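**Student:** This is the structure I have questions about; it appears just below.
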Amino acid sequence: MEELQKSAANLESQVAKALSKLRIKSLTDQLDELETVSRQPDFWSDHNNASNVMQEMARIKSRVEPWHKINSELSDLLGLIEIGDQKLRTELEQQLAKIEQDFGTLKEELKLNGPYDDHDAILSLSAGAGGTDAQDWTQMLFRMYVRWAEKHNLKISTIEETAGDEAGLKNAVLEISGKFVYGKLRGEHGVHRLVRLSPYNADHLRQTSFAKVEVMPKIAKPEDLLIDERDLKVDVYRSGGHGGQSVNTTDSAVRITHLPTGVVVAIQNERSQLQNKEMAMTVLRSRLAQLQLEQHQQNLAELKGPNQSAEWGNQIRSYVLHPYKQVKDLRSKYETSNVDEVLDGDLDNVIDAFLEYSLSSK
């Protein structure tokens, strides 16, 4: 039984480290606070707030309960091992093997232990250098992320979309909702480079084009990231996009500028000015949260605006369709010749390689 006890004790140590790294106690305390709020007599008087609280409770429960279960099972197992009943040895070994298997599955979350990794994600895509090819490339990336989300049964919403002059998209903003979406997609943040024979020039020459992908954790609640109203410049203007007669004939579009950083968010897809402003504020908070992560700053006043342009020298990943086929991530060094599959949303191997690289580089 001594060897079995050592194995269980070693697993207990690994689980304890994981609980600490994933801040399970802090999340449990947060869940207790929310449950206290939900038991108040007037809780459902504000239906929207109550719904948000219930969603947050469900999100936290889905993260902490599997860890509480494995920790409890391991504690019970150690107690039985200490009794030292040889008749139970085979059964105890089977229980330990099952807990080790469950832990092996759960510890994948260690790759997703950032402060916002369990949040939904907002993706902003914009065409860079490359003219019409870059705008077409932006639409190809848009489709790639939509297909990835569809393969994982995630919720997808298009927040903003501006068509290109001849083809493709000048820019687009996409929201993807589900478990650990931001954590899985945060490695997509950066400049993506495409090399192919261009369908948009008469000589069908090889063309290099760029698109920028910003991946941001969705920060919908104002209290999660406080912004001083005095730091905002809000402009309203007439929408120029699709959406019906009322959208195009009223000043419903909203542009919000965060003066300290120069970050600008413009939304015009919703029908009312209020809806556009609320969505613009959500995207702005998300952008500023992402900037905080990038620049390791605690205070918004210390942030510098983003300055990475979508052109040569800034790319995180290359997609080559000619003269050979290859996708290569310049950070994780992951590469594959299955370009068509990747562009069709088969991103899991690319994502896993970045998460492994990110974990090992900490």
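Scheme for the structure tokens: letters A, B, ... for chains in order shown; per-chain residue numbers from 1; ligand numbers from 1 in order shown.
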Could you pull out the alpha helix (DSSP H) residues of stretch 91-245 of chain A from DSSP and send them as number ranges by chain?

**Tutor:** A: 91-106, 131-151, 181-185, 245

**Student:** Go ahead and dump the residues you just picked, C-alpha atoms, as a PDB file, in the first residue's frame.

**Tutor:**
ATOM      1  CA  GLU A  91     -10.373  -1.289  -6.087  1.00  0.00           C
ATOM      2  CA  LEU A  92      -8.245   1.591  -4.742  1.00  0.00           C
ATOM      3  CA  GLU A  93      -5.785   1.238  -7.635  1.00  0.00           C
ATOM      4  CA  GLN A  94      -8.681   1.456 -10.090  1.00  0.00           C
ATOM      5  CA  GLN A  95     -10.034   4.545  -8.333  1.00  0.00           C
ATOM      6  CA  LEU A  96      -6.606   6.210  -8.475  1.00  0.00           C
ATOM      7  CA  ALA A  97      -6.269   5.383 -12.179  1.00  0.00           C
ATOM      8  CA  LYS A  98      -9.684   6.945 -12.838  1.00  0.00           C
ATOM      9  CA  ILE A  99      -8.791  10.124 -10.908  1.00  0.00           C
ATOM     10  CA  GLU A 100      -5.458  10.353 -12.774  1.00  0.00           C
ATOM     11  CA  GLN A 101      -7.333  10.055 -16.063  1.00  0.00           C
ATOM     12  CA  ASP A 102      -9.801  12.782 -15.062  1.00  0.00           C
ATOM     13  CA  PHE A 103      -6.938  15.009 -13.919  1.00  0.00           C
ATOM     14  CA  GLY A 104      -5.161  14.473 -17.231  1.00  0.00           C
ATOM     15  CA  THR A 105      -8.239  15.840 -19.009  1.00  0.00           C
ATOM     16  CA  LEU A 106      -8.771  18.732 -16.607  1.00  0.00           C
ATOM     17  CA  GLY A 131      -5.173  46.258 -51.955  1.00  0.00           C
ATOM     18  CA  THR A 132      -8.084  44.144 -53.190  1.00  0.00           C
ATOM     19  CA  ASP A 133      -6.182  40.949 -52.393  1.00  0.00           C
ATOM     20  CA  ALA A 134      -5.875  42.049 -48.764  1.00  0.00           C
ATOM     21  CA  GLN A 135      -9.606  42.721 -48.583  1.00  0.00           C
ATOM     22  CA  ASP A 136     -10.315  39.294 -50.067  1.00  0.00           C
ATOM     23  CA  TRP A 137      -7.841  37.795 -47.562  1.00  0.00           C
ATOM     24  CA  THR A 138      -9.728  39.492 -44.718  1.00  0.00           C
ATOM     25  CA  GLN A 139     -12.933  37.800 -45.853  1.00  0.00           C
ATOM     26  CA  MET A 140     -11.132  34.450 -46.084  1.00  0.00           C
ATOM     27  CA  LEU A 141      -9.985  34.838 -42.462  1.00  0.00           C
ATOM     28  CA  PHE A 142     -13.493  35.871 -41.417  1.00  0.00           C
ATOM     29  CA  ARG A 143     -14.846  32.658 -42.970  1.00  0.00           C
ATOM     30  CA  MET A 144     -12.062  30.602 -41.332  1.00  0.00           C
ATOM     31  CA  TYR A 145     -13.021  31.733 -37.820  1.00  0.00           C
ATOM     32  CA  VAL A 146     -16.735  31.308 -38.498  1.00  0.00           C
ATOM     33  CA  ARG A 147     -16.126  27.754 -39.725  1.00  0.00           C
ATOM     34  CA  TRP A 148     -13.986  26.976 -36.649  1.00  0.00           C
ATOM     35  CA  ALA A 149     -16.759  28.253 -34.372  1.00  0.00           C
ATOM     36  CA  GLU A 150     -19.391  26.249 -36.254  1.00  0.00           C
ATOM     37  CA  LYS A 151     -17.319  23.056 -35.901  1.00  0.00           C
ATOM     38  CA  VAL A 181     -13.206  31.002 -26.464  1.00  0.00           C
ATOM     39  CA  TYR A 182     -10.890  33.931 -25.747  1.00  0.00           C
ATOM     40  CA  GLY A 183      -8.277  31.637 -24.218  1.00  0.00           C
ATOM     41  CA  LYS A 184      -8.290  29.441 -27.310  1.00  0.00           C
ATOM     42  CA  LEU A 185      -8.284  32.278 -29.828  1.00  0.00           C
ATOM     43  CA  GLN A 245     -34.457  52.704 -44.169  1.00  0.00           C
TER      44      GLN A 245
END

**Student:** Which residue out of A:Asp118, A:Glu188, A:Asp29, A:Asp76 has the minimum interatomic distance to A:Leu330 when only C-alpha atoms are used?

**Tutor:**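 Looking at the shortest contact to A:Leu330, the residue is A:Glu188.
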
**Student:** Counting only C-alpha atoms, what is within 12 Å of A:Leu112, bar same-chain residues fewer than 3 positions away, as a PyMOL selection string?

**Tutor:** chain A and resi 18+21-23+63+106-109+115-119+179-187+351-352+354-356+358-359

**Student:** Deliver the residues from the most recent selection as a file, using N, CA and C atoms, as a short mmCIF file (atom, residue, chain, number, x, y, z; two decimals), in the first residue's frame.

**Tutor:**
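Contents of the output file part.cif:
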data_model
loop_
_atom_site.label_atom_id
_atom_site.label_comp_id
_atom_site.auth_asym_id
_atom_site.auth_seq_id
_atom_site.Cartn_x
_atom_site.Cartn_y
_atom_site.Cartn_z
N ALA A 18 -2.39 22.88 -9.43
CA ALA A 18 -3.33 23.28 -10.47
C ALA A 18 -4.44 24.17 -9.90
N LYS A 21 -2.97 27.59 -9.43
CA LYS A 21 -2.68 28.28 -10.69
C LYS A 21 -3.95 28.75 -11.38
N LEU A 22 -5.01 27.97 -11.24
CA LEU A 22 -6.28 28.31 -11.88
C LEU A 22 -7.17 29.19 -11.00
N ARG A 23 -6.66 29.55 -9.82
CA ARG A 23 -7.37 30.45 -8.89
C ARG A 23 -8.77 29.91 -8.57
N ARG A 63 -16.57 25.77 -14.34
CA ARG A 63 -15.12 25.72 -14.21
C ARG A 63 -14.67 25.10 -12.89
N LEU A 106 -8.55 17.40 -17.19
CA LEU A 106 -8.77 18.73 -16.61
C LEU A 106 -7.55 19.63 -16.70
N LYS A 107 -6.36 19.05 -16.60
CA LYS A 107 -5.18 19.91 -16.55
C LYS A 107 -4.87 20.60 -17.87
N GLU A 108 -5.62 20.22 -18.93
CA GLU A 108 -5.52 20.99 -20.17
C GLU A 108 -5.90 22.45 -19.92
N GLU A 109 -6.72 22.67 -18.87
CA GLU A 109 -7.11 24.04 -18.53
C GLU A 109 -5.94 24.88 -18.06
N PRO A 115 -6.22 35.79 -17.13
CA PRO A 115 -7.32 36.46 -16.43
C PRO A 115 -8.63 36.51 -17.19
N TYR A 116 -8.57 36.44 -18.52
CA TYR A 116 -9.80 36.52 -19.32
C TYR A 116 -10.02 35.28 -20.18
N ASP A 117 -9.24 34.23 -19.96
CA ASP A 117 -9.29 33.08 -20.87
C ASP A 117 -10.65 32.40 -20.93
N ASP A 118 -11.45 32.52 -19.87
CA ASP A 118 -12.77 31.88 -19.90
C ASP A 118 -13.86 32.79 -20.43
N HIS A 119 -13.48 33.95 -20.99
CA HIS A 119 -14.45 34.89 -21.54
C HIS A 119 -14.79 34.56 -23.00
N LYS A 179 -17.32 28.33 -24.11
CA LYS A 179 -16.38 28.06 -23.03
C LYS A 179 -14.94 28.26 -23.49
N PHE A 180 -14.21 29.13 -22.79
CA PHE A 180 -12.79 29.39 -23.03
C PHE A 180 -12.49 29.87 -24.46
N VAL A 181 -13.42 30.57 -25.07
CA VAL A 181 -13.21 31.00 -26.46
C VAL A 181 -12.04 31.98 -26.56
N TYR A 182 -12.01 32.98 -25.67
CA TYR A 182 -10.89 33.93 -25.75
C TYR A 182 -9.56 33.23 -25.50
N GLY A 183 -9.52 32.34 -24.51
CA GLY A 183 -8.28 31.64 -24.22
C GLY A 183 -7.77 30.84 -25.41
N LYS A 184 -8.69 30.24 -26.16
CA LYS A 184 -8.29 29.44 -27.31
C LYS A 184 -7.89 30.30 -28.50
N LEU A 185 -8.52 31.45 -28.63
CA LEU A 185 -8.28 32.28 -29.83
C LEU A 185 -7.28 33.40 -29.61
N ARG A 186 -6.81 33.62 -28.40
CA ARG A 186 -5.94 34.78 -28.16
C ARG A 186 -4.64 34.71 -28.97
N GLY A 187 -4.21 33.48 -29.32
CA GLY A 187 -3.02 33.33 -30.13
C GLY A 187 -3.20 33.75 -31.59
N ILE A 351 -4.00 26.06 -32.79
CA ILE A 351 -4.31 26.65 -31.48
C ILE A 351 -3.56 25.91 -30.37
N ASP A 352 -3.59 24.57 -30.40
CA ASP A 352 -2.91 23.78 -29.37
C ASP A 352 -1.41 24.04 -29.37
N PHE A 354 0.12 26.78 -30.25
CA PHE A 354 0.39 28.09 -29.64
C PHE A 354 0.23 28.03 -28.12
N LEU A 355 -0.79 27.32 -27.62
CA LEU A 355 -1.00 27.23 -26.18
C LEU A 355 0.17 26.52 -25.51
N GLU A 356 0.69 25.47 -26.14
CA GLU A 356 1.87 24.76 -25.61
C GLU A 356 3.07 25.71 -25.58
N SER A 358 2.99 29.00 -25.53
CA SER A 358 2.74 30.06 -24.56
C SER A 358 3.00 29.58 -23.13
N LEU A 359 2.59 28.32 -22.83
CA LEU A 359 2.78 27.77 -21.50
C LEU A 359 4.27 27.55 -21.21
#

**Student:** One number please: atom CA of A:Lys61 to atom CA of A:Ala353, in Å, one decimal.

**Tutor:** 27.8 Å

**Student:** Might you pull out every residue within 6 Å of A:Ala211, with only C-alpha atoms counted and same-chain residues fewer than 6 positions away left off, and present them as an mmCIF file with C-alpha atoms, in the first residue's frame?

**Tutor:**
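Dumped everything to around-v3.cif:
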data_model
loop_
_atom_site.group_PDB
_atom_site.id
_atom_site.type_symbol
_atom_site.label_atom_id
_atom_site.label_comp_id
_atom_site.auth_asym_id
_atom_site.auth_seq_id
_atom_site.Cartn_x
_atom_site.Cartn_y
_atom_site.Cartn_z
ATOM 1 C CA SER A 126 -9.032 44.609 -40.993
ATOM 2 C CA ALA A 127 -7.353 44.560 -44.403
ATOM 3 C CA GLY A 128 -3.734 45.681 -44.520
ATOM 4 C CA THR A 138 -9.728 39.492 -44.718
ATOM 5 C CA VAL A 191 -0.906 40.119 -38.548
ATOM 6 C CA HIS A 192 -1.657 37.213 -40.926
ATOM 7 C CA ALA A 310 -0.590 44.965 -41.147
#

**Student:** Return the single residue from A:Val195, A:Leu125, A:Leu19, A:Val37 that is closest to A:Asn113, with distances computed using only C-alpha atoms.

**Tutor:** A:Leu19

**Student:** To one decimal place, how far is atom CA of A:Glu161 from atom CA of A:Asp235 in Å?

**Tutor:**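 Atom CA of A:Asp235 lies at a distance of 19.1 Å from atom CA of A:Glu161.
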
**Student:** Return the single residue from A:Leu74, A:Val265, A:Met1, A:Val53 that is closest to A:Met279, with distances computed using only C-alpha atoms.

**Tutor:**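 Nearest candidate to A:Met279 out of A:Leu74, A:Val265, A:Met1, A:Val53: A:Val265.
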
**Student:** Determine which residues of stretch 50-163 of chain A DSSP labels as strand (DSSP E) from the backbone of this structure, then write them out as a short mmCIF file (atom, residue, chain, number, x, y, z; two decimals) with N, CA and C atoms, in the first residue's frame.

**Tutor:**
data_model
loop_
_atom_site.label_atom_id
_atom_site.label_comp_id
_atom_site.auth_asym_id
_atom_site.auth_seq_id
_atom_site.Cartn_x
_atom_site.Cartn_y
_atom_site.Cartn_z
N ALA A 121 -15.12 35.94 -26.91
CA ALA A 121 -14.12 36.71 -27.66
C ALA A 121 -14.77 37.62 -28.69
N ILE A 122 -14.14 38.78 -28.88
CA ILE A 122 -14.50 39.68 -29.97
C ILE A 122 -13.31 39.74 -30.91
N LEU A 123 -13.55 39.43 -32.17
CA LEU A 123 -12.51 39.46 -33.18
C LEU A 123 -12.74 40.65 -34.11
N SER A 124 -11.71 41.45 -34.28
CA SER A 124 -11.77 42.56 -35.23
C SER A 124 -10.77 42.27 -36.34
N LEU A 125 -11.26 42.20 -37.57
CA LEU A 125 -10.41 41.90 -38.71
C LEU A 125 -10.35 43.11 -39.63
N SER A 126 -9.16 43.46 -40.10
CA SER A 126 -9.03 44.61 -40.99
C SER A 126 -7.98 44.33 -42.06
N ALA A 127 -8.27 44.75 -43.28
CA ALA A 127 -7.35 44.56 -44.40
C ALA A 127 -6.14 45.45 -44.24
N LYS A 155 -21.59 30.01 -30.46
CA LYS A 155 -22.49 31.06 -30.94
C LYS A 155 -21.69 32.15 -31.65
N ILE A 156 -22.17 32.58 -32.81
CA ILE A 156 -21.46 33.56 -33.64
C ILE A 156 -22.38 34.75 -33.93
N SER A 157 -21.86 35.95 -33.75
CA SER A 157 -22.62 37.16 -34.09
C SER A 157 -21.72 38.13 -34.83
N THR A 158 -22.22 38.69 -35.93
CA THR A 158 -21.48 39.72 -36.65
C THR A 158 -21.88 41.08 -36.10
N ILE A 159 -20.91 41.79 -35.53
CA ILE A 159 -21.16 43.10 -34.93
C ILE A 159 -21.06 44.21 -35.97
N GLU A 160 -20.08 44.11 -36.83
CA GLU A 160 -19.83 45.16 -37.82
C GLU A 160 -19.19 44.53 -39.06
N GLU A 161 -19.51 45.07 -40.22
CA GLU A 161 -18.95 44.52 -41.45
C GLU A 161 -18.96 45.60 -42.53
N THR A 162 -17.79 45.85 -43.13
CA THR A 162 -17.68 46.84 -44.21
C THR A 162 -17.11 46.15 -45.43
N ALA A 163 -17.87 46.14 -46.51
CA ALA A 163 -17.46 45.45 -47.73
C ALA A 163 -16.30 46.17 -48.40
#

**Student:** At what distance in Å, to one decimal, does atom CA of A:Val254 lie from atom CA of A:Glu166?

**Tutor:**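 About the pair atom CA of A:Glu166 and atom CA of A:Val254: they are 25.8 Å apart.
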
**Student:** From the options A:Ser26, A:Gln207, A:Gln308, A:Asn269, which residue's atoms come nearest to A:Glu294, counting only C-alpha atoms?

**Tutor:**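 Residue with the minimum atom-to-atom distance to A:Glu294: A:Gln308.
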
**Student:** Find the residues around A:Gly130 up to 7 Å (only C-alpha atoms counted), leave out those fewer than 5 positions away in its own chain, and share them as a count of residues only.

**Tutor:** 3
